[in-house]
Amino acid sequence: MNNIRKRPLSDLGYNFIETTLPKGKDEYYLRNEQWSRQDQYRKLTAYEVEALVRNDNTSDDWNIIFVSHEFNPQLVQHCHFFGMVRIGKLEPYYLEFHNLRMPVGLYNSTICACDFGDNVVVHNVNYLSHYILGNEVIVANVNEMATTDYAKFGNGILKEGESEGGRIWMELCNENGGRSVMPFDGMLPGDAYLWTRYRDDEQLQHQFKLFTEKQFDKRRGYYGMVGDRTVIKNCKMIKDVTIGTDAYLKGANKLKNLTINSNSEASSQIGEGCEMVNGVVGFGCRVFYGVKAVRFVMASHSQLKYGARLINSYLGNNATISCCEVLNSLIFPAHEQHHNNSFLCAALIMGQSNMAAGATIGSNHNSRGADGEIIAGRGFWPGLCVSLKHNSRFASFTLISKGNYMSELNIPIPFSLVVNDEHENRLKIMPGYWFLYNMYAIARNSWKYVDRDKRTEKVQFIEYDYLAPDSVEELFQALAIMETATGKAWYALPENAPKKELAEKDIRKKGKELLKNNPEEVAKLTILSKGFENSSRDVELLKVHRAYPLFQEMIVLYAVKNILASNKPSFLALQAAVSTAKRSEWLNIGGQLMKADTVATLKSKIKKNKISGWPQLHAAYEEIGNEYATDKLQHAVACLLEIKETSLKNTTTTDLAQWMNDSVVTMEWITAQIKRSREKDYKNPFRQLAYESEKEMNAVVGSLEDNSFIKQTISDLEAYKSKVNQIIGEWEL
């Protein structure tokens, strides 16, 4: 049975706070803290009351209707007031926004205990309760806009007197709730990642919960806020929502328990048919056309469009999801997912990712419970109609070819193509696919996300370069895998069978020798490996003889680029700066790369309360970001020395000059590959089928010669050469 309570009409607009008030406080004390202008209002004059009544306005008590000194009662018509209402300056103007022109004032609305700034427009609001509207706000044609005394505005906290069962959790990464976090306004991707990990560390998990609890006031009675110049029109229900300045809400069906961040530099918009409940919308977000979002956080400048469903998920900065369904996922910045028939569930996606049409990521569980997870490094790209099974893990920049992958996958080789060859019933992996066949895409991926990063507050330093500490560490891991697999393939030949069982280090040594000295012989081998798939079938590594030297060249390029970026005045200065250089594990913390040791220190400080809240943790992110270039230089030099099998002490200026010149050759090859991979689109006869002539094709898709990105890479190459020559000259290498 519906619990419909019947109370005296005289109570409407009063007794907002249902719990006991603090001693000496009235029900408006928090409202007055939120709205500092209350001293600028006065009581109505008798003439103004008469004018208001004449304009078909009513109030249960005209003595508690307060107005500014520049109040015009003729601009308030057909309104019903309950409780204390404060109205700012009303002048005979109209406000215009996107061709919507409406006169300043309050018209045809029921208003309970609200405050208004100057020159607001309130038209046809059936029920407006316990809200504070800033200056020049437009609210028109809204069925219900109200705030409850226990409003939490999307934050996962509890108000006084509430039970734990009423708390909002986001069940990220896992459908069984085992990695749940409490959403909060200002949550960064790094916060979400750290909180979902380390579940065995009870003290750390407890601290994160405390951080969130103390970030917000537990007292009941806060009003919903609408910032200056915000426009709200044609919406059905807005309940327990606080909204920043310059936002635009039009035609939304239901907005409940939300914080919508917006300001003049990064305005947020929510459009027609959207329903959003229990979440946080970041600055500069766009939500349009029938979107459904429940228990979510949208980081700044992210977008949901065209019927997208985002449930129990965190969407990182500068990411876009259209049409499809995303459940129980943690998505780092720069994610693209546009197709109606793609599906993402119970996944950790570490950014710079793209989901193709028909990709079904995580729908297949391989246990009796919904407890599987997928973890994908940066640059994850499942192709058309890919179906993956929990649990699976993918290295950075993995491309998965169309197919139904029936077993769990563990792909540790970055920049690889994964193919399910049904004809041969074999999983095939091509290391270095992006470098060999689509350099244009991998290079442009890094460039475009830097260009599209619209964050106004860059608390976390997000890494977009495809050659970075995380991917380079994976390159080293891949080199070891290829060496061992090559050695095993060679010894598997009858003529090479060893007389006694060999240790793995000896097998790897032979593989390394072959890859370095006899790539032609390696090309003839069928190289198989294990551990990539949870099945008994073979896994074949393709074109290892080409990928192996290319991976080494990329490591050298990564190192030299960072040496050049360090701007050290001499070789001796470089040696001094990297005297303790060493390789180490790096982690992707919400798109910000950190050494594993740094993360361990961060966790220790949190547990010891040296970092005592989210603002302090965010300040720590910034400090780590400021040291990133130095840490990356140390790592880069250590990688260079290891790949060259030498030490800093034994490195000469001649060596360094040679390595720099080698990197120039690699850069020249990359630049040529970028153009060559894009050029294929123009020379493919099937691509030309749609056009009557080359001139028409160029008119439609643009000419290759005018491609701005290719021009930029050629310019960058010349700048790189100049920088190398300059350093070699200045350092007397």
# chains A, B, ... in the order shown; residues from 1 in each chain; ligands from 1
>>> residues_around(residues="region 370-383 of chain A", least_positions_apart="3", cutoff="7 Å", atoms="only C-alpha atoms", output="ChimeraX atom specification")
/A:173-176,346-356,359,362,365,386,390-402
>>> select_by_dssp(residues="region 132-319 of chain A", states="helix (DSSP H, G or I)", output="list of chain:residue names")
A:Glu164, A:Gly165, A:Gly166, A:Pro189, A:Gly190, A:Asp191, A:Ala192, A:Tyr193, A:Leu194, A:Trp195, A:Thr196, A:Glu202, A:Gln203, A:Leu204, A:Gln205, A:His206, A:Gln207, A:Phe208, A:Lys209, A:Leu210, A:Phe211, A:Thr212, A:Glu213, A:Lys214, A:Gln215
>>> write_last_selection(atoms="N, CA and C atoms", output="PDB file, in the first residue's frame")
ATOM      1  N   GLU A 164      22.997   2.158   7.453  1.00  0.00           N
ATOM      2  CA  GLU A 164      24.015   1.810   6.463  1.00  0.00           C
ATOM      3  C   GLU A 164      23.389   1.283   5.178  1.00  0.00           C
ATOM      4  N   GLY A 165      22.237   0.677   5.274  1.00  0.00           N
ATOM      5  CA  GLY A 165      21.588   0.136   4.094  1.00  0.00           C
ATOM      6  C   GLY A 165      21.193   1.193   3.078  1.00  0.00           C
ATOM      7  N   GLY A 166      21.151   2.448   3.499  1.00  0.00           N
ATOM      8  CA  GLY A 166      20.771   3.515   2.584  1.00  0.00           C
ATOM      9  C   GLY A 166      21.937   4.135   1.842  1.00  0.00           C
ATOM     10  N   PRO A 189      40.083   9.494 -11.459  1.00  0.00           N
ATOM     11  CA  PRO A 189      40.282   8.095 -11.862  1.00  0.00           C
ATOM     12  C   PRO A 189      41.258   7.355 -10.947  1.00  0.00           C
ATOM     13  N   GLY A 190      42.285   8.061 -10.483  1.00  0.00           N
ATOM     14  CA  GLY A 190      43.243   7.429  -9.576  1.00  0.00           C
ATOM     15  C   GLY A 190      42.614   7.024  -8.255  1.00  0.00           C
ATOM     16  N   ASP A 191      41.685   7.837  -7.756  1.00  0.00           N
ATOM     17  CA  ASP A 191      40.980   7.499  -6.514  1.00  0.00           C
ATOM     18  C   ASP A 191      40.197   6.201  -6.692  1.00  0.00           C
ATOM     19  N   ALA A 192      39.453   6.140  -7.792  1.00  0.00           N
ATOM     20  CA  ALA A 192      38.639   4.957  -8.046  1.00  0.00           C
ATOM     21  C   ALA A 192      39.506   3.719  -8.192  1.00  0.00           C
ATOM     22  N   TYR A 193      40.631   3.858  -8.894  1.00  0.00           N
ATOM     23  CA  TYR A 193      41.504   2.704  -9.099  1.00  0.00           C
ATOM     24  C   TYR A 193      42.098   2.218  -7.777  1.00  0.00           C
ATOM     25  N   LEU A 194      42.680   3.106  -6.990  1.00  0.00           N
ATOM     26  CA  LEU A 194      43.301   2.691  -5.724  1.00  0.00           C
ATOM     27  C   LEU A 194      42.277   2.045  -4.803  1.00  0.00           C
ATOM     28  N   TRP A 195      41.063   2.588  -4.799  1.00  0.00           N
ATOM     29  CA  TRP A 195      40.041   2.059  -3.897  1.00  0.00           C
ATOM     30  C   TRP A 195      39.580   0.674  -4.345  1.00  0.00           C
ATOM     31  N   THR A 196      39.515   0.429  -5.658  1.00  0.00           N
ATOM     32  CA  THR A 196      39.062  -0.888  -6.120  1.00  0.00           C
ATOM     33  C   THR A 196      40.133  -1.963  -5.967  1.00  0.00           C
ATOM     34  N   GLU A 202      42.697  -4.104   4.744  1.00  0.00           N
ATOM     35  CA  GLU A 202      41.514  -3.564   5.406  1.00  0.00           C
ATOM     36  C   GLU A 202      41.731  -2.141   5.913  1.00  0.00           C
ATOM     37  N   GLN A 203      42.943  -1.855   6.388  1.00  0.00           N
ATOM     38  CA  GLN A 203      43.208  -0.521   6.907  1.00  0.00           C
ATOM     39  C   GLN A 203      43.139   0.528   5.801  1.00  0.00           C
ATOM     40  N   LEU A 204      43.696   0.204   4.656  1.00  0.00           N
ATOM     41  CA  LEU A 204      43.657   1.126   3.521  1.00  0.00           C
ATOM     42  C   LEU A 204      42.215   1.358   3.083  1.00  0.00           C
ATOM     43  N   GLN A 205      41.436   0.280   2.985  1.00  0.00           N
ATOM     44  CA  GLN A 205      40.043   0.405   2.574  1.00  0.00           C
ATOM     45  C   GLN A 205      39.248   1.245   3.571  1.00  0.00           C
ATOM     46  N   HIS A 206      39.539   1.067   4.851  1.00  0.00           N
ATOM     47  CA  HIS A 206      38.854   1.844   5.888  1.00  0.00           C
ATOM     48  C   HIS A 206      39.177   3.328   5.755  1.00  0.00           C
ATOM     49  N   GLN A 207      40.430   3.642   5.432  1.00  0.00           N
ATOM     50  CA  GLN A 207      40.829   5.037   5.280  1.00  0.00           C
ATOM     51  C   GLN A 207      40.101   5.693   4.118  1.00  0.00           C
ATOM     52  N   PHE A 208      39.944   4.989   3.029  1.00  0.00           N
ATOM     53  CA  PHE A 208      39.235   5.565   1.889  1.00  0.00           C
ATOM     54  C   PHE A 208      37.785   5.890   2.260  1.00  0.00           C
ATOM     55  N   LYS A 209      37.180   5.017   3.040  1.00  0.00           N
ATOM     56  CA  LYS A 209      35.804   5.273   3.471  1.00  0.00           C
ATOM     57  C   LYS A 209      35.752   6.498   4.389  1.00  0.00           C
ATOM     58  N   LEU A 210      36.745   6.608   5.292  1.00  0.00           N
ATOM     59  CA  LEU A 210      36.803   7.770   6.181  1.00  0.00           C
ATOM     60  C   LEU A 210      37.019   9.056   5.392  1.00  0.00           C
ATOM     61  N   PHE A 211      37.899   9.006   4.391  1.00  0.00           N
ATOM     62  CA  PHE A 211      38.132  10.176   3.536  1.00  0.00           C
ATOM     63  C   PHE A 211      36.811  10.717   2.995  1.00  0.00           C
ATOM     64  N   THR A 212      35.979   9.793   2.510  1.00  0.00           N
ATOM     65  CA  THR A 212      34.727  10.199   1.881  1.00  0.00           C
ATOM     66  C   THR A 212      33.741  10.727   2.909  1.00  0.00           C
ATOM     67  N   GLU A 213      33.668  10.053   4.041  1.00  0.00           N
ATOM     68  CA  GLU A 213      32.733  10.470   5.088  1.00  0.00           C
ATOM     69  C   GLU A 213      33.039  11.888   5.565  1.00  0.00           C
ATOM     70  N   LYS A 214      34.314  12.193   5.767  1.00  0.00           N
ATOM     71  CA  LYS A 214      34.637  13.510   6.334  1.00  0.00           C
ATOM     72  C   LYS A 214      34.695  14.612   5.283  1.00  0.00           C
ATOM     73  N   GLN A 215      34.585  14.232   4.019  1.00  0.00           N
ATOM     74  CA  GLN A 215      34.573  15.217   2.940  1.00  0.00           C
ATOM     75  C   GLN A 215      33.267  16.005   2.933  1.00  0.00           C
TER      76      GLN A 215
END
>>> residues_around(residues="Val560 (chain A)", least_positions_apart="6", cutoff="8 Å", atoms="only C-alpha atoms", output="list in words")
Ala636, Trp659, Met660 and Ser663 of chain A
>>> select_by_dssp(residues="region 566-715 of chain A", states="strand (DSSP E or B)", output="ChimeraX atom specification")
/A:586-589,592-595
>>> residues_around(residues="Ala151 (chain A)", least_positions_apart="6", cutoff="9 Å", atoms="only C-alpha atoms", output="number ranges by chain")
A: 159, 220-224, 239-241, 257
>>> write_last_selection(atoms="all heavy atoms", output="short mmCIF file (atom, residue, chain, number, x, y, z; two decimals), in the first residue's frame")
data_model
loop_
_atom_site.label_atom_id
_atom_site.label_comp_id
_atom_site.auth_asym_id
_atom_site.auth_seq_id
_atom_site.Cartn_x
_atom_site.Cartn_y
_atom_site.Cartn_z
N LYS A 159 23.41 10.61 6.02
CA LYS A 159 23.03 11.75 6.85
C LYS A 159 22.62 11.28 8.24
O LYS A 159 22.40 10.08 8.47
CB LYS A 159 21.89 12.52 6.18
CG LYS A 159 22.29 13.25 4.91
CD LYS A 159 23.24 14.41 5.20
CE LYS A 159 23.51 15.24 3.97
NZ LYS A 159 24.30 16.44 4.27
N ARG A 220 21.58 17.29 8.35
CA ARG A 220 20.43 17.36 7.44
C ARG A 220 20.05 18.82 7.22
O ARG A 220 20.23 19.66 8.10
CB ARG A 220 19.23 16.63 8.02
CG ARG A 220 19.36 15.11 8.05
CD ARG A 220 18.16 14.51 8.74
NE ARG A 220 18.19 13.06 8.73
CZ ARG A 220 17.31 12.29 8.10
NH1 ARG A 220 16.34 12.85 7.40
NH2 ARG A 220 17.39 10.98 8.16
N GLY A 221 19.48 19.09 6.03
CA GLY A 221 18.90 20.40 5.83
C GLY A 221 19.53 21.25 4.75
O GLY A 221 19.18 22.42 4.60
N TYR A 222 20.46 20.69 3.98
CA TYR A 222 21.06 21.46 2.90
C TYR A 222 20.07 21.57 1.74
O TYR A 222 19.37 20.61 1.39
CB TYR A 222 22.35 20.80 2.42
CG TYR A 222 23.53 21.10 3.31
CD1 TYR A 222 23.93 20.21 4.31
CD2 TYR A 222 24.24 22.29 3.16
CE1 TYR A 222 25.00 20.50 5.13
CE2 TYR A 222 25.32 22.58 3.98
CZ TYR A 222 25.70 21.68 4.97
OH TYR A 222 26.76 21.98 5.79
N TYR A 223 20.03 22.75 1.14
CA TYR A 223 19.16 23.00 0.00
C TYR A 223 19.89 22.66 -1.30
O TYR A 223 21.12 22.71 -1.37
CB TYR A 223 18.76 24.48 -0.05
CG TYR A 223 17.62 24.86 0.87
CD1 TYR A 223 17.48 24.28 2.13
CD2 TYR A 223 16.69 25.82 0.49
CE1 TYR A 223 16.45 24.64 2.97
CE2 TYR A 223 15.65 26.20 1.33
CZ TYR A 223 15.54 25.60 2.57
OH TYR A 223 14.51 25.94 3.41
N GLY A 224 19.12 22.33 -2.31
CA GLY A 224 19.70 22.22 -3.64
C GLY A 224 20.11 23.58 -4.16
O GLY A 224 19.43 24.58 -3.90
N LYS A 239 15.20 16.06 -8.47
CA LYS A 239 15.08 15.87 -7.03
C LYS A 239 16.46 15.65 -6.41
O LYS A 239 17.22 14.80 -6.88
CB LYS A 239 14.17 14.68 -6.72
CG LYS A 239 13.89 14.49 -5.24
CD LYS A 239 12.86 13.39 -5.02
CE LYS A 239 12.52 13.25 -3.54
NZ LYS A 239 11.54 12.17 -3.30
N ASP A 240 16.77 16.41 -5.40
CA ASP A 240 18.05 16.29 -4.68
C ASP A 240 19.22 16.42 -5.65
O ASP A 240 20.13 15.59 -5.68
CB ASP A 240 18.13 14.96 -3.93
CG ASP A 240 17.16 14.89 -2.77
OD1 ASP A 240 16.58 15.94 -2.42
OD2 ASP A 240 16.95 13.80 -2.22
N VAL A 241 19.17 17.48 -6.44
CA VAL A 241 20.23 17.73 -7.43
C VAL A 241 20.80 19.11 -7.17
O VAL A 241 20.05 20.09 -7.05
CB VAL A 241 19.67 17.66 -8.87
CG1 VAL A 241 20.77 17.97 -9.88
CG2 VAL A 241 19.06 16.29 -9.14
N ASN A 257 19.23 12.76 -7.07
CA ASN A 257 20.41 12.53 -6.23
C ASN A 257 21.70 12.68 -7.04
O ASN A 257 22.45 11.72 -7.22
CB ASN A 257 20.35 11.15 -5.56
CG ASN A 257 21.42 10.99 -4.49
OD1 ASN A 257 21.84 11.97 -3.87
ND2 ASN A 257 21.88 9.77 -4.28
#
>>> residues_around(residues="Asn63 (chain A)", least_positions_apart="6", cutoff="12 Å", atoms="only C-alpha atoms", output="MDAnalysis selection string")
chainID A and resid 42:46 48:49 81:86
>>> write_last_selection(atoms="N, CA, C and O atoms", output="PDB file, in the first residue's frame")
ATOM      1  N   ARG A  42      14.425  42.534   2.335  1.00  0.00           N
ATOM      2  CA  ARG A  42      13.541  43.266   3.259  1.00  0.00           C
ATOM      3  C   ARG A  42      12.140  42.671   3.182  1.00  0.00           C
ATOM      4  O   ARG A  42      11.842  41.872   2.289  1.00  0.00           O
ATOM      5  N   LYS A  43      11.293  43.089   4.106  1.00  0.00           N
ATOM      6  CA  LYS A  43       9.903  42.640   4.051  1.00  0.00           C
ATOM      7  C   LYS A  43       9.146  43.395   2.960  1.00  0.00           C
ATOM      8  O   LYS A  43       9.547  44.468   2.510  1.00  0.00           O
ATOM      9  N   LEU A  44       8.046  42.830   2.556  1.00  0.00           N
ATOM     10  CA  LEU A  44       7.189  43.468   1.562  1.00  0.00           C
ATOM     11  C   LEU A  44       6.474  44.685   2.158  1.00  0.00           C
ATOM     12  O   LEU A  44       6.123  44.700   3.348  1.00  0.00           O
ATOM     13  N   THR A  45       6.270  45.690   1.335  1.00  0.00           N
ATOM     14  CA  THR A  45       5.423  46.811   1.739  1.00  0.00           C
ATOM     15  C   THR A  45       3.961  46.427   1.510  1.00  0.00           C
ATOM     16  O   THR A  45       3.644  45.464   0.804  1.00  0.00           O
ATOM     17  N   ALA A  46       3.084  47.196   2.120  1.00  0.00           N
ATOM     18  CA  ALA A  46       1.651  46.935   1.957  1.00  0.00           C
ATOM     19  C   ALA A  46       1.252  47.048   0.493  1.00  0.00           C
ATOM     20  O   ALA A  46       0.444  46.253  -0.013  1.00  0.00           O
ATOM     21  N   GLU A  48       3.119  46.428  -2.087  1.00  0.00           N
ATOM     22  CA  GLU A  48       3.633  45.265  -2.813  1.00  0.00           C
ATOM     23  C   GLU A  48       2.777  44.033  -2.554  1.00  0.00           C
ATOM     24  O   GLU A  48       2.498  43.249  -3.483  1.00  0.00           O
ATOM     25  N   VAL A  49       2.335  43.869  -1.303  1.00  0.00           N
ATOM     26  CA  VAL A  49       1.446  42.744  -1.000  1.00  0.00           C
ATOM     27  C   VAL A  49       0.156  42.872  -1.790  1.00  0.00           C
ATOM     28  O   VAL A  49      -0.341  41.900  -2.391  1.00  0.00           O
ATOM     29  N   PHE A  81       2.984  30.748  -2.794  1.00  0.00           N
ATOM     30  CA  PHE A  81       4.167  30.675  -1.945  1.00  0.00           C
ATOM     31  C   PHE A  81       3.826  29.987  -0.624  1.00  0.00           C
ATOM     32  O   PHE A  81       2.784  30.259  -0.016  1.00  0.00           O
ATOM     33  N   PHE A  82       4.732  29.122  -0.180  1.00  0.00           N
ATOM     34  CA  PHE A  82       4.594  28.462   1.119  1.00  0.00           C
ATOM     35  C   PHE A  82       5.930  28.544   1.839  1.00  0.00           C
ATOM     36  O   PHE A  82       6.986  28.267   1.256  1.00  0.00           O
ATOM     37  N   GLY A  83       5.902  28.906   3.107  1.00  0.00           N
ATOM     38  CA  GLY A  83       7.131  29.036   3.864  1.00  0.00           C
ATOM     39  C   GLY A  83       7.877  30.307   3.506  1.00  0.00           C
ATOM     40  O   GLY A  83       7.389  31.168   2.767  1.00  0.00           O
ATOM     41  N   MET A  84       9.096  30.426   4.040  1.00  0.00           N
ATOM     42  CA  MET A  84       9.892  31.630   3.804  1.00  0.00           C
ATOM     43  C   MET A  84      10.499  31.602   2.401  1.00  0.00           C
ATOM     44  O   MET A  84      11.161  30.646   2.015  1.00  0.00           O
ATOM     45  N   VAL A  85      10.279  32.677   1.668  1.00  0.00           N
ATOM     46  CA  VAL A  85      10.803  32.815   0.305  1.00  0.00           C
ATOM     47  C   VAL A  85      11.521  34.157   0.218  1.00  0.00           C
ATOM     48  O   VAL A  85      11.008  35.174   0.705  1.00  0.00           O
ATOM     49  N   ARG A  86      12.692  34.150  -0.400  1.00  0.00           N
ATOM     50  CA  ARG A  86      13.447  35.394  -0.587  1.00  0.00           C
ATOM     51  C   ARG A  86      13.671  35.599  -2.085  1.00  0.00           C
ATOM     52  O   ARG A  86      14.172  34.689  -2.758  1.00  0.00           O
TER      53      ARG A  86
END
>>> atom_distance(atom1="CA of Leu258 (chain A)", atom2="CA of Arg31 (chain A)")
18.5 Å
>>> atom_distance(atom1="CA of Gln460 (chain A)", atom2="CA of Tyr621 (chain A)")
5.8 Å
>>> closest_residue(among="A:Phe283, A:Tyr127, A:Phe296, A:Phe288", to="Gly271 (chain A)", atoms="only C-alpha atoms")
A:Phe288
>>> closest_residue(among="A:His80, A:Lys510, A:Lys389, A:Lys505", to="Tyr491 (chain A)", atoms="only C-alpha atoms")
A:Lys510
>>> residues_around(residues="region 425-431 of chain A", least_positions_apart="4", cutoff="10 Å", atoms="only C-alpha atoms", output="PyMOL selection string")
chain A and resi 398-400+405+409+411+413-421+435-436+475+478-479+482+528-529+532-533+535-548+550-551
>>> atom_distance(atom1="CA of Ile168 (chain A)", atom2="CA of Val277 (chain A)")
10.6 Å
>>> residues_around(residues="Ser109 (chain A)", least_positions_apart="4", cutoff="6 Å", atoms="only C-alpha atoms", output="list in words")
Cys79, Asn124, Val125 and Asn126 of chain A
>>> closest_residue(among="A:Leu9, A:Asp631, A:Ala619, A:Trp614", to="Ala596 (chain A)", atoms="only C-alpha atoms")
A:Asp631
>>> closest_residue(among="A:Lys89, A:Lys254, A:Lys448, A:Lys683", to="Gly105 (chain A)", atoms="only C-alpha atoms")
A:Lys89
>>> closest_residue(among="A:Glu553, A:Glu585, A:Asp228, A:Glu463", to="Thr598 (chain A)", atoms="only C-alpha atoms")
A:Glu585
